Each structure stands twice: as C-alpha cells, then as structure tokens.
Amino acid sequence: MRRRVVVTGAGAISAVATSAAGLHQALCEGRSGLKPIELFETDGVAGLGPRLAGEVRPFEPREWLGDRNLRPVDRTARLLLVAAQQALDTAGWSTELRTDRQAGLVIGTMYCSVRTIAEFDRRAVQLGPSYASPLDFANSVINAAAGQSAIWHGLPGVNSTISAGEASGLLSVATAADLIRTGRAEALLAGGVEELCFESFIGHLRAGRLASAGEAGRPVPFDARRDGAALGEGAALLALEEAGMADLRGATVLAEVLGHGSAFDAGATGGRAEALARAIRQALDDAGIGPHDVDTVDTIDAVSTGASGGIDEDRQEALGIAAALGDRAATVPVTAVKSMLGEALGASGALQAVAALGTLADGILPGVLHLTEMDEGLPLNGVLSASRSIKARRLLITVCGSGGHCCALILGAA
C-alpha cells in the first residue's frame, strides 16, 4: 500500500489577506485584491495607462519574521519566508521535528527573482561587471527563494524548485506528495511563490495576455466580456506529511492529497484542453474516483479552476474540464479565484489549494467576482457568481497554463 499524504498546516500571503484562513474568508466575501499598481510606474510609461494588479500591500515581513537581517533576501524570498513561517506554525513543526524528520521544501515559481536578475544585469551593463551587486547575484538563480527559505527555517531535507509556468505551484504540491508517498520524504512544505514586478508585467502585456487599462480592465473569468488577466503576486504553502507520522504526533489534519495528474500540450495532441483533460483523468484514477456518475458519493464536489480572464485560456480550461468530467460537468460547482487575486503565475495553483482547504473546512465555495454574463459557448453550467454552500468532500483544482503545462490535484476532507 502506498503511504497516505495529509495536510497539517498552511500559509498564504496574497493581495486579499495575509493568512490562509484570511484568504478563504476574503474570497468568500467577494473582496477583490485588484488595485492600481504602486510597486512600479505604469501611468504615463510608454502610454500604458493605470493598471490593476493583485499587489500585496502593505507588506511588512518583520511581523512574522522578527528582527533578523532581511537584507540578503529580495521580495520573492520574503513572500516565501512569510508563507513558510505560517505553514510551520500551523502545522506545529518544531525545530526538532524539522531536523529529525528531515523536513524539506518543494517550490513552484514561473520567474522567481526576475526583478533582482534584471537589476543585476542592468547594473553590470551600465557600470561594468565589477559594480554588479553581490547581494543581487545570490538571488539571480531560479532556486534562490527555495534555498534562502530552507536556510532561514532550518529545513535540511529535499529542496527543489519547479518552473512549469502557471502550473508551477500546483505541480510542486503534486511532486511533494509523491515524494512522501514513495518514502523518499516524511515532511515537506510545498507550494508556490511569485512577485509582481515591471519585468514580468511588461512581458505579459506585450504578449497580449492582460486586460484593458483602468477600472474597466478587471479580469472576469468565464464572462462573455472578458479580455485578459490582471497579474497578481503572493506565496502559498501546504505542510504535507505522511499520515502515520501526523497521527503519531497528534497533529490536526486539514485535508488529504487524494490524487494528481499532469500533462503538456506539445502541439501535436489536440491542444491545452486535451492536455488538461488527460491531467484530470490521471488525478481521478490516482484518487480512485469516477466522475461520470452524478449520483455517486465517489465523485468531485467542486472545481477550483485556474481561469484568469483570458479569452482562449478560459475556453481551453473549460473544455478540458468538461471533457474529463463528462456529465458531471453539467452540475458541478465551479469557481475561479483569480477574479479577486489576479494571475499570480507560479503561486496561483498553490493559492487555489490553500483556499480549497477553507472550503473543505466550512463547506463554502467562493464565486467568480463580477461574473454577470456567462459565456454561453463554454461547456460549464455550474460557474458560481457568488459564494455558495456545497458538500465539500473532494475538490478538484486545475491549472491550464498558457505555455502548455497542465496540472490537476484532488484534495479530500480530513
């Protein structure tokens, strides 16, 4: 028998809240974190105009991390440090437990410290290589945040960084679960992190993925009026451990990782919708759940999608879910929390997972903020425009990344 993997803690910092519990509550209340960007200039810059984003502000990491020296760590690492501290605290992982159990960290990110990397390169080009900052150099690799967090929190086990576009955070949870299942780890923090910065913003803008400028540019997933996403930022982590270990130490179990799957649109298999459908089917098989019989208790009770307001992106996600769930797609409640958080890229799937813990606990599924005109061409009938009470036993979390990476994860109630 494979080992069971349970969730015993969680941490999250986002545009709507600075805790895991606060995240779920804010989403259920329909509180948007999308506001005009303050981290960098957009109004008047190359005619961009004012833009909305899910920016974490105010952000005071010392509230969680104390007076230790934060100078060597950049914004990405600070976001991750805070989420990790919260997850460790809620899971009750003492310093001794982290050492004895060789606790580790699996992190997903799309760009990691891209702002720091860009600043290091700018300074080297403008002033010469000898004037480039050694502090910036330490953060100019994609695994910098994971390494910094492991050092800071004393996590001597697995340390891995996964970069798979918007699917990074969710795929990291799946990877960590497999490491525990197979006995290669006993306790892992897993999730994602991404910072909002000009470099990633301008890239997504020029790629045509962002919504219109100004207040009208609010992302509304699955809405007929949608025209793009708004970027977000944050960090979210789940504390995962082997069920027997959690039981032995009397830990409170928040959820169980029942199954997961992943696939990639390589351009020859029918597109992202087909790739996502394959990932969902893998997750269902992994969890031993049949989606097609609407009346069975062994089915999916709700879906948290990665839809962010992109015209084709949302369509691909909806088609993939419908293809995998069959008749169940006509009735299953569906949400898209990026309507309030923005597209947090590598952190987004992990933020969805942390929010799902709240739904499993209280039976409330958030709605899609500002959804008033459902796109009739999409094959999902249960997309919620407001929060709703549901039977919350098994939740499916999906991400259909713009670059082709697709991932699905199923969480079950404790």
# chains A, B, ... in the order shown; residues from 1 in each chain; ligands from 1

call {"tool": "closest_atom_pairs", "arguments": {"of": "range 309-337 of chain A", "to": "range 358-367 of chain A", "cutoff": "12 Å", "atoms": "only C-alpha atoms", "output": "Markdown table"}}
result
| residue | atom | partner | partner_atom | distance |
| --- | --- | --- | --- | --- |
| A:Val332 | CA | A:Leu365 | CA | 11.6 |
| A:Pro333 | CA | A:Leu365 | CA | 8.2 |
| A:Val334 | CA | A:Gly367 | CA | 7.9 |
| A:Thr335 | CA | A:Gly367 | CA | 5.5 |
| A:Ala336 | CA | A:Gly367 | CA | 7.1 |
| A:Val337 | CA | A:Pro366 | CA | 7.3 |

call {"tool": "select_by_dssp", "arguments": {"residues": "range 255-381 of chain A", "states": "helix (DSSP H, G or I)", "output": "PyMOL selection string"}}
result
chain A and resi 272-287+311-330+338-341+345-362

call {"tool": "closest_atom_pairs", "arguments": {"of": "range 52-136 of chain A", "to": "range 1-11 of chain A", "cutoff": "7 Å", "atoms": "only C-alpha atoms", "output": "CSV"}}
result
residue,atom,partner,partner_atom,distance
A:Ala83,CA,A:Gly11,CA,4.5
A:Ala84,CA,A:Gly11,CA,6.2
A:Gln86,CA,A:Gly11,CA,4.6
A:Ala87,CA,A:Ala10,CA,4.2
A:Leu88,CA,A:Gly9,CA,6.8
A:Thr90,CA,A:Gly9,CA,4.8
A:Ala91,CA,A:Gly9,CA,4.0

call {"tool": "write_last_selection", "arguments": {"atoms": "N, CA and C atoms", "output": "PDB file, in the first residue's frame"}}
result
ATOM      1  N   ALA A  83       5.140  32.920   4.128  1.00  0.00           N
ATOM      2  CA  ALA A  83       4.216  31.791   3.956  1.00  0.00           C
ATOM      3  C   ALA A  83       4.751  30.537   4.644  1.00  0.00           C
ATOM      4  N   ALA A  84       6.063  30.330   4.567  1.00  0.00           N
ATOM      5  CA  ALA A  84       6.668  29.161   5.219  1.00  0.00           C
ATOM      6  C   ALA A  84       6.534  29.244   6.730  1.00  0.00           C
ATOM      7  N   GLN A  86       4.225  30.765   8.437  1.00  0.00           N
ATOM      8  CA  GLN A  86       2.831  30.486   8.771  1.00  0.00           C
ATOM      9  C   GLN A  86       2.527  28.988   8.699  1.00  0.00           C
ATOM     10  N   ALA A  87       3.000  28.340   7.636  1.00  0.00           N
ATOM     11  CA  ALA A  87       2.732  26.905   7.476  1.00  0.00           C
ATOM     12  C   ALA A  87       3.384  26.086   8.582  1.00  0.00           C
ATOM     13  N   LEU A  88       4.611  26.443   8.950  1.00  0.00           N
ATOM     14  CA  LEU A  88       5.305  25.731  10.026  1.00  0.00           C
ATOM     15  C   LEU A  88       4.580  25.910  11.355  1.00  0.00           C
ATOM     16  N   THR A  90       1.309  26.673  11.868  1.00  0.00           N
ATOM     17  CA  THR A  90       0.008  25.997  11.929  1.00  0.00           C
ATOM     18  C   THR A  90       0.162  24.483  11.966  1.00  0.00           C
ATOM     19  N   ALA A  91       1.229  23.957  11.355  1.00  0.00           N
ATOM     20  CA  ALA A  91       1.456  22.516  11.376  1.00  0.00           C
ATOM     21  C   ALA A  91       2.092  22.046  12.673  1.00  0.00           C
TER      22      ALA A  91
END

call {"tool": "closest_atom_pairs", "arguments": {"of": "range 260-326 of chain A", "to": "range 169-179 of chain A", "cutoff": "8 Å", "atoms": "only C-alpha atoms", "output": "JSON lines"}}
result
{"residue": "A:His260", "atom": "CA", "partner": "A:Ala174", "partner_atom": "CA", "distance": 6.1}
{"residue": "A:Gly261", "atom": "CA", "partner": "A:Ala174", "partner_atom": "CA", "distance": 7.8}
{"residue": "A:Ser262", "atom": "CA", "partner": "A:Leu171", "partner_atom": "CA", "distance": 7.6}

call {"tool": "write_last_selection", "arguments": {"atoms": "N, CA, C and O atoms", "output": "mmCIF file, in the first residue's frame"}}
result
data_model
loop_
_atom_site.group_PDB
_atom_site.id
_atom_site.type_symbol
_atom_site.label_atom_id
_atom_site.label_comp_id
_atom_site.auth_asym_id
_atom_site.auth_seq_id
_atom_site.Cartn_x
_atom_site.Cartn_y
_atom_site.Cartn_z
ATOM 1 N N HIS A 260 -3.418 13.188 -8.173
ATOM 2 C CA HIS A 260 -2.976 14.293 -9.023
ATOM 3 C C HIS A 260 -2.602 13.763 -10.393
ATOM 4 O O HIS A 260 -2.400 12.554 -10.598
ATOM 5 N N GLY A 261 -2.501 14.669 -11.347
ATOM 6 C CA GLY A 261 -2.071 14.319 -12.691
ATOM 7 C C GLY A 261 -1.504 15.538 -13.380
ATOM 8 O O GLY A 261 -1.792 16.677 -12.999
ATOM 9 N N SER A 262 -0.691 15.320 -14.383
ATOM 10 C CA SER A 262 -0.123 16.432 -15.144
ATOM 11 C C SER A 262 0.084 16.006 -16.582
ATOM 12 O O SER A 262 0.270 14.821 -16.885
#

call {"tool": "closest_atom_pairs", "arguments": {"of": "range 115-166 of chain A", "to": "range 234-255 of chain A", "cutoff": "12 Å", "atoms": "only C-alpha atoms", "output": "Markdown table"}}
result
| residue | atom | partner | partner_atom | distance |
| --- | --- | --- | --- | --- |
| A:Ala145 | CA | A:Ala235 | CA | 11.0 |
| A:Ala146 | CA | A:Ala235 | CA | 11.8 |
| A:Ser149 | CA | A:Leu237 | CA | 11.9 |

call {"tool": "write_last_selection", "arguments": {"atoms": "all heavy atoms", "output": "PDB file, in the first residue's frame"}}
result
ATOM      1  N   ALA A 145      14.981  31.514  -3.934  1.00  0.00           N
ATOM      2  CA  ALA A 145      13.982  31.654  -2.871  1.00  0.00           C
ATOM      3  C   ALA A 145      13.854  30.371  -2.060  1.00  0.00           C
ATOM      4  O   ALA A 145      13.751  30.404  -0.826  1.00  0.00           O
ATOM      5  CB  ALA A 145      12.632  32.046  -3.458  1.00  0.00           C
ATOM      6  N   ALA A 146      13.873  29.219  -2.743  1.00  0.00           N
ATOM      7  CA  ALA A 146      13.778  27.941  -2.027  1.00  0.00           C
ATOM      8  C   ALA A 146      14.989  27.726  -1.135  1.00  0.00           C
ATOM      9  O   ALA A 146      14.863  27.282   0.014  1.00  0.00           O
ATOM     10  CB  ALA A 146      13.650  26.793  -3.032  1.00  0.00           C
ATOM     11  N   SER A 149      14.863  30.100   1.890  1.00  0.00           N
ATOM     12  CA  SER A 149      13.844  29.690   2.861  1.00  0.00           C
ATOM     13  C   SER A 149      14.293  28.484   3.673  1.00  0.00           C
ATOM     14  O   SER A 149      14.039  28.399   4.882  1.00  0.00           O
ATOM     15  CB  SER A 149      12.531  29.368   2.138  1.00  0.00           C
ATOM     16  OG  SER A 149      11.996  30.526   1.535  1.00  0.00           O
TER      17      SER A 149
END

call {"tool": "closest_residue", "arguments": {"among": "A:Ala302, A:Cys406, A:Ala164, A:Leu341", "to": "Ala356 in chain A", "atoms": "only C-alpha atoms"}}
result
A:Ala302

call {"tool": "residues_around", "arguments": {"residues": "Val73 in chain A", "least_positions_apart": "4", "cutoff": "9 Å", "atoms": "only C-alpha atoms", "output": "VMD selection string"}}
result
chain A and resid 69 77 to 78 135 to 136 138 to 139 144 to 145 148

call {"tool": "residues_around", "arguments": {"residues": "Glu373 in chain A", "least_positions_apart": "4", "cutoff": "8 Å", "atoms": "only C-alpha atoms", "output": "list in words"}}
result
Asp223, Ala224 and Arg225 of chain A

call {"tool": "closest_atom_pairs", "arguments": {"of": "range 353-396 of chain A", "to": "range 272-294 of chain A", "cutoff": "12 Å", "atoms": "only C-alpha atoms", "output": "Markdown table"}}
result
| residue | atom | partner | partner_atom | distance |
| --- | --- | --- | --- | --- |
| A:Arg393 | CA | A:Ile289 | CA | 11.9 |
| A:Arg394 | CA | A:Ile289 | CA | 9.4 |
| A:Leu395 | CA | A:Leu284 | CA | 10.9 |
| A:Leu396 | CA | A:Ile280 | CA | 8.3 |

call {"tool": "atom_distance", "arguments": {"atom1": "CA of Ala190 in chain A", "atom2": "CA of Thr398 in chain A"}}
result
16.4 Å

call {"tool": "atom_distance", "arguments": {"atom1": "CA of Thr161 in chain A", "atom2": "CA of Phe59 in chain A"}}
result
23.9 Å

call {"tool": "atom_distance", "arguments": {"atom1": "CA of Gly349 in chain A", "atom2": "CA of Val257 in chain A"}}
result
14.3 Å

call {"tool": "select_by_dssp", "arguments": {"residues": "range 150-310 of chain A", "states": "strand (DSSP E or B)", "output": "PyMOL selection string"}}
result
chain A and resi 159-162+164+166+187-194+210+223+229+231-232+234-242+255-264+302-304

call {"tool": "closest_residue", "arguments": {"among": "A:Arg123, A:Ser113, A:Gly412, A:Thr99", "to": "Val141 in chain A", "atoms": "only C-alpha atoms"}}
result
A:Ser113

call {"tool": "residues_around", "arguments": {"residues": "Ser308 in chain A", "least_positions_apart": "2", "cutoff": "10 Å", "atoms": "only C-alpha atoms", "output": "ChimeraX atom specification"}}
result
/A:209-211,219-222,226-231,305-306,310-311,313-314,336-344,348

call {"tool": "closest_residue", "arguments": {"among": "A:Pro50, A:Gly377, A:Gly382, A:Gly346", "to": "Ala330 in chain A", "atoms": "only C-alpha atoms"}}
result
A:Gly382

call {"tool": "decode", "arguments": {"residues": "range 128-148 of chain A", "atoms": "N, CA and C atoms", "output": "short mmCIF file (atom, residue, chain, number, x, y, z; two decimals), in the first residue's frame"}}
result
data_model
loop_
_atom_site.label_atom_id
_atom_site.label_comp_id
_atom_site.auth_asym_id
_atom_site.auth_seq_id
_atom_site.Cartn_x
_atom_site.Cartn_y
_atom_site.Cartn_z
N GLY A 128 29.51 48.34 -15.43
CA GLY A 128 30.58 47.36 -15.56
C GLY A 128 30.39 46.22 -14.59
N PRO A 129 30.87 45.04 -14.95
CA PRO A 129 30.67 43.84 -14.12
C PRO A 129 31.16 43.99 -12.68
N SER A 130 32.22 44.76 -12.47
CA SER A 130 32.77 44.88 -11.12
C SER A 130 31.86 45.65 -10.18
N TYR A 131 30.86 46.36 -10.74
CA TYR A 131 29.94 47.15 -9.90
C TYR A 131 28.61 46.42 -9.68
N ALA A 132 28.46 45.24 -10.27
CA ALA A 132 27.23 44.48 -10.03
C ALA A 132 27.19 44.04 -8.57
N SER A 133 25.99 44.09 -7.97
CA SER A 133 25.86 43.83 -6.54
C SER A 133 25.99 42.34 -6.21
N PRO A 134 26.89 41.99 -5.31
CA PRO A 134 26.99 40.58 -4.89
C PRO A 134 25.73 40.10 -4.18
N LEU A 135 25.00 41.02 -3.51
CA LEU A 135 23.75 40.62 -2.87
C LEU A 135 22.72 40.24 -3.92
N ASP A 136 22.66 40.99 -5.02
CA ASP A 136 21.74 40.65 -6.10
C ASP A 136 22.13 39.34 -6.76
N PHE A 137 23.42 39.11 -6.90
CA PHE A 137 23.88 37.89 -7.57
C PHE A 137 23.36 36.63 -6.87
N ALA A 138 23.35 36.66 -5.56
CA ALA A 138 22.89 35.48 -4.81
C ALA A 138 21.44 35.15 -5.10
N ASN A 139 20.66 36.14 -5.54
CA ASN A 139 19.25 35.93 -5.83
C ASN A 139 18.96 35.85 -7.33
N SER A 140 20.00 35.66 -8.14
CA SER A 140 19.82 35.69 -9.59
C SER A 140 19.67 34.30 -10.20
N VAL A 141 19.38 33.30 -9.38
CA VAL A 141 19.10 31.95 -9.88
C VAL A 141 17.68 31.58 -9.47
N ILE A 142 17.05 30.70 -10.24
CA ILE A 142 15.62 30.45 -10.05
C ILE A 142 15.32 29.70 -8.75
N ASN A 143 16.32 29.03 -8.19
CA ASN A 143 16.08 28.32 -6.93
C ASN A 143 16.51 29.12 -5.71
N ALA A 144 16.76 30.42 -5.90
CA ALA A 144 17.25 31.25 -4.79
C ALA A 144 16.25 31.29 -3.64
N ALA A 145 14.98 31.51 -3.93
CA ALA A 145 13.98 31.65 -2.87
C ALA A 145 13.85 30.37 -2.06
N ALA A 146 13.87 29.22 -2.74
CA ALA A 146 13.78 27.94 -2.03
C ALA A 146 14.99 27.73 -1.13
N GLY A 147 16.18 28.04 -1.64
CA GLY A 147 17.38 27.88 -0.85
C GLY A 147 17.41 28.80 0.35
N GLN A 148 17.04 30.07 0.12
CA GLN A 148 17.01 31.04 1.22
C GLN A 148 16.03 30.60 2.30
#
